[in-house]
file my_file_38.json (JSON, C-alpha atoms and all ligand atoms)
[["chain", "number", "residue", "atom", "x", "y", "z"],
["U", 250, "MET", "CA", 9.79, 10.60, -6.10],
["U", 251, "ILE", "CA", 8.30, 8.96, -3.03],
["U", 252, "PHE", "CA", 5.65, 6.26, -2.81],
["U", 253, "LEU", "CA", 3.78, 6.32, 0.49],
["U", 254, "LYS", "CA", 1.52, 3.45, 1.47],
["U", 255, "LEU", "CA", -0.95, 3.95, 4.28],
["U", 256, "GLY", "CA", -1.55, 0.44, 5.57],
["U", 257, "GLY", "CA", -5.05, -0.83, 6.09],
["U", 258, "SER", "CA", -4.07, -1.49, 9.69],
["U", 259, "LEU", "CA", -3.20, 2.18, 10.11],
["U", 260, "ILE", "CA", -6.25, 3.90, 8.66],
["U", 261, "THR", "CA", -8.89, 1.33, 9.64],
["U", 262, "ASP", "CA", -9.63, -0.83, 12.63],
["U", 263, "LYS", "CA", -8.75, -4.14, 11.00],
["U", 264, "THR", "CA", -10.67, -6.24, 13.52],
["U", 265, "GLY", "CA", -13.99, -4.47, 12.75],
["U", 266, "VAL", "CA", -16.10, -4.16, 9.58],
["U", 267, "GLU", "CA", -15.64, -0.96, 7.52],
["U", 268, "ALA", "CA", -14.35, 0.90, 10.56],
["U", 269, "VAL", "CA", -12.18, 3.88, 9.61],
["U", 270, "ARG", "CA", -9.82, 5.66, 12.01],
["U", 271, "GLU", "CA", -10.89, 9.22, 11.21],
["U", 272, "ASP", "CA", -8.49, 10.87, 13.65],
["U", 273, "VAL", "CA", -5.51, 9.04, 12.16],
["U", 274, "LEU", "CA", -6.63, 9.85, 8.62],
["U", 275, "ALA", "CA", -6.95, 13.57, 9.40],
["U", 276, "ARG", "CA", -3.58, 13.74, 11.16],
["U", 277, "VAL", "CA", -1.76, 11.83, 8.41],
["U", 278, "ALA", "CA", -3.34, 14.09, 5.76],
["U", 279, "ALA", "CA", -2.14, 17.15, 7.70],
["U", 280, "GLU", "CA", 1.39, 15.70, 7.86],
["U", 281, "ILE", "CA", 1.42, 15.05, 4.10],
["U", 282, "ALA", "CA", 0.12, 18.58, 3.44],
["U", 283, "ALA", "CA", 2.84, 20.11, 5.64],
["U", 284, "ALA", "CA", 5.56, 18.04, 3.94],
["U", 285, "ARG", "CA", 4.35, 19.25, 0.54],
["U", 286, "ARG", "CA", 4.40, 22.88, 1.73],
["U", 287, "GLU", "CA", 7.95, 22.47, 2.99],
["U", 288, "ASN", "CA", 9.07, 20.77, -0.22],
["U", 289, "PRO", "CA", 6.91, 21.96, -3.12],
["U", 290, "GLY", "CA", 8.94, 19.88, -5.59],
["U", 291, "LEU", "CA", 8.01, 16.62, -3.85],
["U", 292, "ARG", "CA", 6.59, 14.08, -6.30],
["U", 293, "LEU", "CA", 4.41, 11.82, -4.22],
["U", 294, "VAL", "CA", 2.16, 8.86, -4.96],
["U", 295, "VAL", "CA", -0.06, 7.80, -2.06],
["U", 296, "GLY", "CA", -1.56, 4.32, -1.84],
["U", 297, "HIS", "CA", -3.76, 2.75, 0.79],
["U", 298, "GLY", "CA", -4.63, -0.76, 1.86],
["U", 299, "GLY", "CA", -7.97, -2.33, 2.61],
["U", 300, "GLY", "CA", -7.98, -3.07, 6.31],
["U", 301, "SER", "CA", -11.51, -3.68, 7.48],
["U", 302, "PHE", "CA", -12.95, -2.54, 4.12],
["U", 303, "GLY", "CA", -11.62, -4.84, 1.37],
["U", 304, "HIS", "CA", -10.38, -7.88, 3.24],
["U", 305, "VAL", "CA", -13.65, -9.04, 4.81],
["U", 306, "ALA", "CA", -15.56, -9.49, 1.52],
["U", 307, "ALA", "CA", -12.38, -10.73, -0.20],
["U", 308, "ALA", "CA", -11.94, -13.51, 2.37],
["U", 309, "GLN", "CA", -15.64, -14.40, 2.24],
["U", 310, "TYR", "CA", -15.56, -14.97, -1.54],
["U", 311, "GLY", "CA", -11.92, -16.17, -1.85],
["U", 312, "THR", "CA", -11.41, -13.49, -4.50],
["U", 313, "ARG", "CA", -7.59, -13.59, -4.43],
["U", 314, "GLN", "CA", -7.59, -17.28, -5.46],
["U", 315, "GLY", "CA", -9.65, -16.63, -8.57],
["U", 316, "VAL", "CA", -13.13, -15.71, -9.73],
["U", 317, "GLU", "CA", -15.41, -17.98, -11.75],
["U", 318, "THR", "CA", -19.01, -18.30, -10.59],
["U", 319, "ALA", "CA", -21.64, -15.57, -10.69],
["U", 320, "GLU", "CA", -21.52, -15.43, -6.91],
["U", 321, "GLN", "CA", -17.76, -14.97, -6.97],
["U", 322, "TRP", "CA", -18.09, -12.17, -9.54],
["U", 323, "LEU", "CA", -20.61, -10.52, -7.23],
["U", 324, "GLY", "CA", -17.97, -10.80, -4.51],
["U", 325, "PHE", "CA", -15.42, -9.25, -6.88],
["U", 326, "ALA", "CA", -17.73, -6.26, -7.38],
["U", 327, "GLU", "CA", -18.37, -6.03, -3.64],
["U", 328, "VAL", "CA", -14.67, -6.06, -2.74],
["U", 329, "HIS", "CA", -14.08, -3.25, -5.22],
["U", 330, "ALA", "CA", -17.06, -1.27, -3.91],
["U", 331, "ALA", "CA", -15.75, -1.58, -0.33],
["U", 332, "MET", "CA", -12.34, -0.31, -1.44],
["U", 333, "VAL", "CA", -13.95, 2.62, -3.25],
["U", 334, "ARG", "CA", -15.86, 3.54, -0.06],
["U", 335, "LEU", "CA", -12.58, 3.65, 1.84],
["U", 336, "ASN", "CA", -10.82, 5.46, -1.01],
["U", 337, "ARG", "CA", -13.49, 8.15, -0.93],
["U", 338, "LEU", "CA", -12.82, 8.74, 2.78],
["U", 339, "VAL", "CA", -9.04, 8.87, 2.20],
["U", 340, "THR", "CA", -9.20, 11.30, -0.72],
["U", 341, "GLU", "CA", -11.76, 13.51, 1.06],
["U", 342, "ALA", "CA", -9.47, 13.73, 4.11],
["U", 343, "MET", "CA", -6.55, 14.65, 1.85],
["U", 344, "LEU", "CA", -8.53, 17.28, -0.07],
["U", 345, "LEU", "CA", -9.74, 18.75, 3.21],
["U", 346, "ALA", "CA", -6.11, 19.15, 4.26],
["U", 347, "GLY", "CA", -5.41, 21.04, 1.01],
["U", 348, "ILE", "CA", -3.74, 18.17, -0.90],
["U", 349, "PRO", "CA", -4.72, 17.96, -4.61],
["U", 350, "ALA", "CA", -5.44, 14.22, -4.32],
["U", 351, "LEU", "CA", -6.59, 12.42, -7.47],
["U", 352, "SER", "CA", -7.89, 8.91, -7.12],
["U", 353, "LEU", "CA", -6.79, 6.49, -9.86],
["U", 354, "GLN", "CA", -8.58, 3.14, -9.92],
["U", 355, "PRO", "CA", -6.11, 0.22, -10.23],
["U", 356, "SER", "CA", -8.77, -2.25, -11.43],
["U", 357, "ALA", "CA", -9.50, -0.02, -14.43],
["U", 358, "SER", "CA", -5.97, -0.41, -15.76],
["U", 359, "ALA", "CA", -4.24, -3.44, -14.24],
["U", 360, "LEU", "CA", -4.29, -6.84, -15.92],
["U", 361, "CYS", "CA", -3.05, -9.97, -14.18],
["U", 362, "LYS", "CA", -1.91, -13.44, -15.13],
["U", 363, "ASN", "CA", -2.14, -16.06, -12.39],
["U", 364, "GLY", "CA", -2.32, -13.43, -9.68],
["U", 365, "ARG", "CA", 0.56, -11.31, -10.97],
["U", 366, "ILE", "CA", 0.16, -7.90, -12.58],
["U", 367, "VAL", "CA", 1.37, -8.08, -16.18],
["U", 368, "ALA", "CA", 0.20, -4.63, -17.31],
["U", 369, "ILE", "CA", -0.84, -1.39, -15.67],
["U", 370, "ALA", "CA", -1.31, 2.13, -17.01],
["U", 371, "ALA", "CA", 1.48, 4.30, -15.60],
["U", 372, "GLN", "CA", 0.79, 7.20, -17.97],
["U", 373, "PRO", "CA", -2.15, 8.70, -16.05],
["U", 374, "VAL", "CA", -0.09, 8.54, -12.84],
["U", 375, "LEU", "CA", 2.76, 10.39, -14.57],
["U", 376, "ALA", "CA", 0.39, 12.96, -16.04],
["U", 377, "ALA", "CA", -1.12, 13.57, -12.61],
["U", 378, "LEU", "CA", 2.34, 14.07, -11.09],
["U", 379, "ASP", "CA", 3.32, 16.46, -13.89],
["U", 380, "ALA", "CA", 0.17, 18.45, -13.17],
["U", 381, "GLY", "CA", 1.20, 18.80, -9.53],
["U", 382, "LEU", "CA", -1.46, 16.40, -8.29],
["U", 383, "VAL", "CA", -1.00, 13.63, -5.73],
["U", 384, "PRO", "CA", -2.22, 10.40, -7.35],
["U", 385, "VAL", "CA", -3.95, 8.06, -4.91],
["U", 386, "ILE", "CA", -4.05, 4.34, -5.68],
["U", 387, "TYR", "CA", -5.20, 1.44, -3.50],
["U", 388, "GLY", "CA", -5.39, -2.32, -3.11],
["U", 389, "ASP", "CA", -8.13, -3.41, -5.50],
["U", 390, "VAL", "CA", -9.56, -6.27, -7.53],
["U", 391, "ALA", "CA", -8.14, -6.94, -11.01],
["U", 392, "PHE", "CA", -9.04, -9.01, -14.06],
["U", 393, "ASP", "CA", -6.81, -12.03, -14.59],
["U", 394, "ALA", "CA", -6.24, -13.85, -17.89],
["U", 395, "GLU", "CA", -5.78, -17.23, -16.14],
["U", 396, "ILE", "CA", -7.99, -17.21, -13.07],
["U", 397, "GLY", "CA", -10.67, -14.70, -14.07],
["U", 398, "GLY", "CA", -10.10, -12.20, -11.33],
["U", 399, "THR", "CA", -7.94, -11.65, -8.29],
["U", 400, "ILE", "CA", -6.88, -9.11, -5.68],
["U", 401, "ILE", "CA", -3.88, -6.85, -6.06],
["U", 402, "SER", "CA", -2.37, -5.32, -2.92],
["U", 403, "THR", "CA", -1.23, -1.71, -2.74],
["U", 404, "GLU", "CA", 2.40, -2.88, -2.78],
["U", 405, "GLU", "CA", 1.78, -4.97, -5.90],
["U", 406, "VAL", "CA", 0.29, -1.93, -7.66],
["U", 407, "MET", "CA", 3.22, 0.21, -6.53],
["U", 408, "MET", "CA", 5.74, -2.43, -7.67],
["U", 409, "ALA", "CA", 4.08, -2.57, -11.07],
["U", 410, "LEU", "CA", 4.35, 1.24, -11.32],
["U", 411, "ALA", "CA", 7.94, 1.38, -10.07],
["U", 412, "ASP", "CA", 9.55, 0.62, -13.46],
["U", 413, "ALA", "CA", 7.89, 3.62, -15.08],
["U", 414, "LEU", "CA", 8.06, 6.01, -12.12],
["U", 415, "ASN", "CA", 11.46, 5.18, -10.58],
["U", 416, "PRO", "CA", 10.69, 6.06, -6.97],
["U", 417, "SER", "CA", 13.70, 6.52, -4.72],
["U", 418, "TRP", "CA", 11.70, 5.64, -1.61],
["U", 419, "LEU", "CA", 8.78, 3.44, -0.75],
["U", 420, "LEU", "CA", 7.45, 4.30, 2.71],
["U", 421, "LEU", "CA", 5.12, 1.74, 4.24],
["U", 422, "ALA", "CA", 3.26, 3.28, 7.17],
["U", 423, "GLY", "CA", 1.44, 0.85, 9.43],
["U", 424, "GLU", "CA", 0.42, 0.51, 13.06],
["U", 425, "VAL", "CA", 3.69, -1.01, 14.26],
["U", 426, "PRO", "CA", 6.98, 0.91, 14.60],
["U", 427, "GLY", "CA", 8.69, -1.34, 12.04],
["U", 428, "VAL", "CA", 9.37, -5.03, 11.55],
["U", 429, "LEU", "CA", 9.70, -6.49, 15.04],
["U", 430, "ASP", "CA", 11.88, -9.33, 16.33],
["U", 431, "GLU", "CA", 10.80, -11.92, 18.96],
["U", 432, "ALA", "CA", 11.57, -9.46, 21.75],
["U", 433, "GLY", "CA", 9.35, -6.82, 20.17],
["U", 434, "CYS", "CA", 12.27, -4.63, 19.12],
["U", 435, "VAL", "CA", 12.41, -2.93, 15.72],
["U", 436, "ILE", "CA", 14.81, -4.60, 13.29],
["U", 437, "PRO", "CA", 16.59, -1.56, 11.83],
["U", 438, "MET", "CA", 17.72, -3.15, 8.56],
["U", 439, "ILE", "CA", 16.63, -6.19, 6.54],
["U", 440, "THR", "CA", 18.56, -7.46, 3.56],
["U", 441, "ALA", "CA", 18.40, -10.69, 1.56],
["U", 442, "ASP", "CA", 21.33, -11.91, 3.71],
["U", 443, "ASN", "CA", 19.78, -11.50, 7.15],
["U", 444, "PHE", "CA", 16.18, -12.33, 6.15],
["U", 445, "VAL", "CA", 16.59, -16.08, 6.75],
["U", 446, "ASP", "CA", 17.60, -15.44, 10.37],
["U", 447, "ILE", "CA", 14.75, -13.08, 11.16],
["U", 448, "GLN", "CA", 12.00, -14.89, 9.25],
["U", 449, "SER", "CA", 10.96, -16.97, 12.25],
["U", 450, "ALA", "CA", 10.26, -13.78, 14.19],
["U", 451, "LEU", "CA", 7.78, -12.54, 11.61],
["U", 452, "GLY", "CA", 4.24, -13.80, 12.07],
["U", 453, "GLY", "CA", 1.00, -13.17, 10.19],
["U", 454, "SER", "CA", -1.15, -10.14, 10.96],
["U", 455, "ARG", "CA", -4.06, -9.31, 13.25],
["U", 456, "GLY", "CA", -7.55, -9.56, 11.80],
["U", 457, "THR", "CA", -8.44, -10.70, 8.28],
["U", 458, "ASP", "CA", -5.72, -10.19, 5.67],
["U", 459, "VAL", "CA", -6.09, -12.01, 2.35],
["U", 460, "THR", "CA", -2.85, -10.63, 0.93],
["U", 461, "GLY", "CA", -0.70, -12.22, 3.59],
["U", 462, "GLY", "CA", 0.61, -10.30, 6.61],
["U", 463, "MET", "CA", 4.15, -9.14, 7.36],
["U", 464, "THR", "CA", 6.27, -12.11, 6.21],
["U", 465, "SER", "CA", 4.98, -12.09, 2.66],
["U", 466, "LYS", "CA", 5.17, -8.28, 2.57],
["U", 467, "VAL", "CA", 8.84, -8.30, 3.59],
["U", 468, "LYS", "CA", 9.56, -11.07, 1.06],
["U", 469, "SER", "CA", 7.99, -9.15, -1.78],
["U", 470, "MET", "CA", 9.81, -5.99, -0.68],
["U", 471, "LEU", "CA", 13.14, -7.84, -0.85],
["U", 472, "ALA", "CA", 12.22, -9.00, -4.34],
["U", 473, "LEU", "CA", 11.42, -5.43, -5.27],
["U", 474, "VAL", "CA", 14.73, -3.95, -4.07],
["U", 475, "ALA", "CA", 16.58, -6.73, -5.90],
["U", 476, "GLN", "CA", 14.78, -5.60, -9.03],
["U", 477, "GLN", "CA", 15.14, -1.85, -8.36],
["U", 478, "PRO", "CA", 18.56, -1.30, -6.72],
["U", 479, "ALA", "CA", 18.07, 2.50, -6.55],
["U", 480, "LEU", "CA", 14.98, 2.03, -4.40],
["U", 481, "SER", "CA", 14.96, 1.99, -0.59],
["U", 482, "ILE", "CA", 12.02, 0.87, 1.47],
["U", 483, "ARG", "CA", 11.13, 1.94, 4.97],
["U", 484, "ILE", "CA", 8.48, 0.34, 7.18],
["U", 485, "LEU", "CA", 7.41, 2.79, 9.87],
["U", 486, "SER", "CA", 4.64, 3.65, 12.29],
["U", 487, "GLY", "CA", 1.98, 6.03, 11.11],
["U", 488, "LEU", "CA", 0.37, 5.97, 14.55],
["U", 489, "GLU", "CA", 3.11, 8.03, 16.14],
["U", 490, "ALA", "CA", 2.40, 11.67, 15.29],
["U", 491, "GLY", "CA", 5.00, 13.33, 13.07],
["U", 492, "LEU", "CA", 6.78, 10.23, 11.78],
["U", 493, "ILE", "CA", 5.18, 10.18, 8.32],
["U", 494, "GLY", "CA", 5.87, 13.91, 7.95],
["U", 495, "ALA", "CA", 9.50, 13.41, 9.03],
["U", 496, "ALA", "CA", 9.93, 10.45, 6.66],
["U", 497, "LEU", "CA", 8.58, 12.48, 3.73],
["U", 498, "GLY", "CA", 11.08, 15.24, 4.55],
["U", 499, "MET", "CA", 14.12, 13.07, 5.29],
["U", 500, "PRO", "CA", 13.50, 9.41, 4.46],
["U", 501, "GLU", "CA", 17.16, 8.43, 5.07],
["U", 502, "SER", "CA", 17.06, 9.27, 8.75],
["U", 503, "ALA", "CA", 13.46, 8.38, 9.63],
["U", 504, "GLY", "CA", 12.82, 5.57, 12.14],
["U", 505, "GLY", "CA", 11.51, 2.07, 11.51],
["U", 506, "THR", "CA", 12.93, -0.75, 9.42],
["U", 507, "ARG", "CA", 14.86, -0.13, 6.24],
["U", 508, "ILE", "CA", 14.78, -2.82, 3.56],
["U", 509, "SER", "CA", 17.62, -2.70, 1.10],
["U", 510, "GLN", "CA", 19.33, -4.99, -1.35],
["W", 1, "LIG", "C1", -5.87, -5.17, 0.04],
["W", 1, "LIG", "O1", -4.86, -4.25, -0.13],
["W", 1, "LIG", "C2", -6.99, -4.81, -0.87],
["W", 1, "LIG", "C3", -8.18, -5.69, -0.81],
["W", 1, "LIG", "C4", -8.43, -6.60, 0.07],
["W", 1, "LIG", "C5", -9.10, -5.47, -1.90],
["W", 1, "LIG", "P1", -3.57, -4.32, 0.81],
["W", 1, "LIG", "O2", -3.09, -5.72, 0.91],
["W", 1, "LIG", "O3", -2.63, -3.32, 0.28],
["W", 1, "LIG", "O4", -4.18, -3.83, 2.19],
["W", 1, "LIG", "P2", -3.70, -3.90, 3.70],
["W", 1, "LIG", "O5", -2.78, -2.74, 3.93],
["W", 1, "LIG", "O6", -2.99, -5.22, 3.91],
["W", 1, "LIG", "O7", -4.97, -3.78, 4.46]]
call {"tool": "encode", "arguments": {"input": "my_file_38.json", "output": "structure tokens", "more": "lines below"}}
Ligand code: IPE
result
Amino acid sequence: MIFLKLGGSLITDKTGVEAVREDVLARVAAEIAAARRENPGLRLVVGHGGGSFGHVAAAQYGTRQGVETAEQWLGFAEVHAAMVRLNRLVTEAMLLAGIPALSLQPSASALCKNGRIVAIAAQPVLAALDAGLVPVIYGDVAFDAEIGGTIISTEEVMMALADALNPSWLLLAGEVPGVLDEAGCVIPMITADNFVDIQSALGGSRGTDVTGGMTSKVKSMLALVAQQPALSIRILSGLEAGLIGAALGMPESAGGTRISQ
């Protein structure tokens, strides 16, 4: 079982407004299709971020911090609608490449408490996998028992599903070749032990990102591997042709940064 996240920075131009990278989307879909042909038993869940679709409205309304006023609830609906527009483009590209992609809406099943997912429906994801489909989830809005509403990132959705689905790999494909140090070199391995040393080298991210950039992503990934010792995480470039395909075929030896316990 592999979880593959297509970062918002990979499939959209994060500095624009609702600007999709169609060429990247088509190539990545072709790589996923080829990997499935080579390994028909592959159980794969694809997720995608927001990039220039969800983050702009989310930042404008402060949706991640909570939702209370009518205007903020309008923002909540707008953030979701923007994510659905992107999700439509992603699933269409996958279907066009021959992948039986089935979109599953996180906000229809996730419930949060103070910004954390406390419940999510894993059963439809499992049923889709058993049917040979490729479930597609995404960063979305979610109802929250404490703060009304919030935003849940793709990784947070995947983490919430990990208990039920037991993925052996989580592949995070972005626009950079991995987690970079001050000199711009890929850090091959991050663990809880060396994270303190490399933290200063990790900045925020380009463009608008309400869910926090690289440092917070690496932190939450370390928390995830602590919780799921059988899981390995790899951060890799989806911009370099062939890398996602190679990682789906042989995740152990693919490039990028591995995050382990
Ligand atoms: C963000 O999802 C979703 C919204 C802003 C609604 P992610 O946090 O997973 O997206 P990226 O990959 O950083 O763009």
call {"tool": "closest_atom_pairs", "arguments": {"input": "my_file_38.json", "of": "chain U", "to": "ligand LIG 1 (chain W)", "cutoff": "6 Å", "atoms": "all atoms listed in the file", "output": "Markdown table"}}
result
| residue | atom | partner | partner_atom | distance |
| --- | --- | --- | --- | --- |
| U:Gly256 | CA | W:LIG1 | O5 | 3.8 |
| U:Gly257 | CA | W:LIG1 | O7 | 3.4 |
| U:Ser258 | CA | W:LIG1 | O7 | 5.8 |
| U:Gly298 | CA | W:LIG1 | O4 | 3.1 |
| U:Gly299 | CA | W:LIG1 | O7 | 3.8 |
| U:Gly300 | CA | W:LIG1 | O7 | 3.6 |
| U:Gly303 | CA | W:LIG1 | C4 | 3.9 |
| U:His304 | CA | W:LIG1 | C4 | 3.9 |
| U:Ala307 | CA | W:LIG1 | C4 | 5.7 |
| U:Val328 | CA | W:LIG1 | C5 | 5.7 |
| U:Gly388 | CA | W:LIG1 | O1 | 3.6 |
| U:Asp389 | CA | W:LIG1 | C5 | 4.3 |
| U:Val390 | CA | W:LIG1 | C5 | 5.7 |
| U:Ile400 | CA | W:LIG1 | C5 | 5.7 |
| U:Ser402 | CA | W:LIG1 | O3 | 3.8 |
| U:Thr403 | CA | W:LIG1 | O3 | 3.7 |
| U:Glu404 | CA | W:LIG1 | O3 | 5.9 |
| U:Asp458 | CA | W:LIG1 | O6 | 5.9 |
| U:Thr460 | CA | W:LIG1 | O2 | 4.9 |
call {"tool": "residues_around", "arguments": {"input": "my_file_38.json", "residues": "U:Gly487", "least_positions_apart": "2", "cutoff": "12 Å", "atoms": "all atoms listed in the file", "output": "CSV table (one decimal) with C-alpha atoms, in the coordinates of the input"}}
result
chain,number,residue,atom,x,y,z
U,253,LEU,CA,3.8,6.3,0.5
U,254,LYS,CA,1.5,3.4,1.5
U,255,LEU,CA,-1.0,4.0,4.3
U,256,GLY,CA,-1.6,0.4,5.6
U,257,GLY,CA,-5.0,-0.8,6.1
U,258,SER,CA,-4.1,-1.5,9.7
U,259,LEU,CA,-3.2,2.2,10.1
U,260,ILE,CA,-6.2,3.9,8.7
U,261,THR,CA,-8.9,1.3,9.6
U,270,ARG,CA,-9.8,5.7,12.0
U,272,ASP,CA,-8.5,10.9,13.6
U,273,VAL,CA,-5.5,9.0,12.2
U,274,LEU,CA,-6.6,9.8,8.6
U,275,ALA,CA,-7.0,13.6,9.4
U,276,ARG,CA,-3.6,13.7,11.2
U,277,VAL,CA,-1.8,11.8,8.4
U,278,ALA,CA,-3.3,14.1,5.8
U,280,GLU,CA,1.4,15.7,7.9
U,281,ILE,CA,1.4,15.0,4.1
U,420,LEU,CA,7.4,4.3,2.7
U,421,LEU,CA,5.1,1.7,4.2
U,422,ALA,CA,3.3,3.3,7.2
U,423,GLY,CA,1.4,0.8,9.4
U,424,GLU,CA,0.4,0.5,13.1
U,425,VAL,CA,3.7,-1.0,14.3
U,426,PRO,CA,7.0,0.9,14.6
U,427,GLY,CA,8.7,-1.3,12.0
U,483,ARG,CA,11.1,1.9,5.0
U,484,ILE,CA,8.5,0.3,7.2
U,485,LEU,CA,7.4,2.8,9.9
U,489,GLU,CA,3.1,8.0,16.1
U,490,ALA,CA,2.4,11.7,15.3
U,491,GLY,CA,5.0,13.3,13.1
U,492,LEU,CA,6.8,10.2,11.8
U,493,ILE,CA,5.2,10.2,8.3
U,494,GLY,CA,5.9,13.9,8.0
U,495,ALA,CA,9.5,13.4,9.0
U,496,ALA,CA,9.9,10.4,6.7
U,497,LEU,CA,8.6,12.5,3.7
U,503,ALA,CA,13.5,8.4,9.6
U,504,GLY,CA,12.8,5.6,12.1
U,505,GLY,CA,11.5,2.1,11.5
call {"tool": "closest_residue", "arguments": {"input": "my_file_38.json", "among": "U:Ile401, U:Val266, U:Met499, U:Ile508", "to": "U:Pro437", "atoms": "all atoms listed in the file"}}
result
U:Ile508
call {"tool": "atom_distance", "arguments": {"input": "my_file_38.json", "atom1": "atom CA of U:Leu378", "atom2": "atom CA of U:Ser352"}}
result
12.1 Å
call {"tool": "atom_distance", "arguments": {"input": "my_file_38.json", "atom1": "atom CA of U:Gly433", "atom2": "atom CA of U:Glu267"}}
result
28.6 Å
call {"tool": "closest_residue", "arguments": {"input": "my_file_38.json", "among": "U:Ile436, U:Leu488, U:Ala279, U:Leu429", "to": "U:Leu451", "atoms": "all atoms listed in the file"}}
result
U:Leu429
call {"tool": "residues_around", "arguments": {"input": "my_file_38.json", "residues": "U:Val294", "least_positions_apart": "6", "cutoff": "10 Å", "atoms": "only C-alpha atoms", "output": "PDB file with C-alpha atoms, keeping the file's coordinate frame"}}
result
ATOM      1  CA  MET U 250       9.790  10.600  -6.100  1.00  0.00           C
ATOM      2  CA  ILE U 251       8.300   8.960  -3.030  1.00  0.00           C
ATOM      3  CA  PHE U 252       5.650   6.260  -2.810  1.00  0.00           C
ATOM      4  CA  LEU U 253       3.780   6.320   0.490  1.00  0.00           C
ATOM      5  CA  LYS U 254       1.520   3.450   1.470  1.00  0.00           C
ATOM      6  CA  ALA U 350      -5.440  14.220  -4.320  1.00  0.00           C
ATOM      7  CA  LEU U 351      -6.590  12.420  -7.470  1.00  0.00           C
ATOM      8  CA  VAL U 374      -0.090   8.540 -12.840  1.00  0.00           C
ATOM      9  CA  LEU U 375       2.760  10.390 -14.570  1.00  0.00           C
ATOM     10  CA  ALA U 377      -1.120  13.570 -12.610  1.00  0.00           C
ATOM     11  CA  LEU U 378       2.340  14.070 -11.090  1.00  0.00           C
ATOM     12  CA  LEU U 382      -1.460  16.400  -8.290  1.00  0.00           C
ATOM     13  CA  VAL U 383      -1.000  13.630  -5.730  1.00  0.00           C
ATOM     14  CA  PRO U 384      -2.220  10.400  -7.350  1.00  0.00           C
ATOM     15  CA  VAL U 385      -3.950   8.060  -4.910  1.00  0.00           C
ATOM     16  CA  ILE U 386      -4.050   4.340  -5.680  1.00  0.00           C
ATOM     17  CA  MET U 407       3.220   0.210  -6.530  1.00  0.00           C
ATOM     18  CA  LEU U 414       8.060   6.010 -12.120  1.00  0.00           C
ATOM     19  CA  PRO U 416      10.690   6.060  -6.970  1.00  0.00           C
ATOM     20  CA  LEU U 419       8.780   3.440  -0.750  1.00  0.00           C
TER      21      LEU U 419
END
call {"tool": "closest_residue", "arguments": {"input": "my_file_38.json", "among": "U:Val467, U:Asp446, U:Tyr387, U:Gly381", "to": "U:Pro289", "atoms": "all atoms listed in the file"}}
result
U:Gly381
call {"tool": "closest_residue", "arguments": {"input": "my_file_38.json", "among": "U:Ala282, U:Ala319, U:Ile396, U:Ile482", "to": "U:Gly347", "atoms": "all atoms listed in the file"}}
result
U:Ala282
call {"tool": "axis_aligned_box", "arguments": {"input": "my_file_38.json", "around": "stretch 398-411 of chain U", "padding_each_side": "3 Å", "output": "JSON"}}
result
{"center_x": -1.1, "center_y": -5.4, "center_z": -7.0, "size_x": 24.0, "size_y": 19.6, "size_z": 14.6}
call {"tool": "residues_around", "arguments": {"input": "my_file_38.json", "residues": "U:Lys468", "least_positions_apart": "6", "cutoff": "12 Å", "atoms": "only C-alpha atoms", "output": "mmCIF file with C-alpha atoms, keeping the file's coordinate frame"}}
result
data_model
loop_
_atom_site.group_PDB
_atom_site.id
_atom_site.type_symbol
_atom_site.label_atom_id
_atom_site.label_comp_id
_atom_site.auth_asym_id
_atom_site.auth_seq_id
_atom_site.Cartn_x
_atom_site.Cartn_y
_atom_site.Cartn_z
ATOM 1 C CA GLU U 404 2.400 -2.880 -2.780
ATOM 2 C CA ILE U 439 16.630 -6.190 6.540
ATOM 3 C CA THR U 440 18.560 -7.460 3.560
ATOM 4 C CA ALA U 441 18.400 -10.690 1.560
ATOM 5 C CA ASN U 443 19.780 -11.500 7.150
ATOM 6 C CA PHE U 444 16.180 -12.330 6.150
ATOM 7 C CA VAL U 445 16.590 -16.080 6.750
ATOM 8 C CA ILE U 447 14.750 -13.080 11.160
ATOM 9 C CA GLN U 448 12.000 -14.890 9.250
ATOM 10 C CA LEU U 451 7.780 -12.540 11.610
ATOM 11 C CA GLY U 461 -0.700 -12.220 3.590
ATOM 12 C CA GLY U 462 0.610 -10.300 6.610
ATOM 13 C CA VAL U 474 14.730 -3.950 -4.070
ATOM 14 C CA ALA U 475 16.580 -6.730 -5.900
ATOM 15 C CA ILE U 508 14.780 -2.820 3.560
ATOM 16 C CA SER U 509 17.620 -2.700 1.100
ATOM 17 C CA GLN U 510 19.330 -4.990 -1.350
#
call {"tool": "atom_distance", "arguments": {"input": "my_file_38.json", "atom1": "atom CA of U:Arg292", "atom2": "atom CA of U:Gln372"}}
result
14.7 Å
call {"tool": "residues_around", "arguments": {"input": "my_file_38.json", "residues": "U:Ala359", "least_positions_apart": "5", "cutoff": "8 Å", "atoms": "only C-alpha atoms", "output": "PyMOL selection string"}}
result
chain U and resi 366-370+391-392
call {"tool": "closest_residue", "arguments": {"input": "my_file_38.json", "among": "U:Gly296, U:Gly315, U:Pro355, U:Gly498", "to": "U:His329", "atoms": "all atoms listed in the file"}}
result
U:Pro355
call {"tool": "residues_around", "arguments": {"input": "my_file_38.json", "residues": "U:Gln477", "least_positions_apart": "5", "cutoff": "10 Å", "atoms": "only C-alpha atoms", "output": "PyMOL selection string"}}
result
chain U and resi 408+411-412+415-417+471-472+509-510
call {"tool": "closest_residue", "arguments": {"input": "my_file_38.json", "among": "U:Ala326, U:Val428, U:Met470, U:Val305", "to": "U:Gly398", "atoms": "all atoms listed in the file"}}
result
U:Ala326
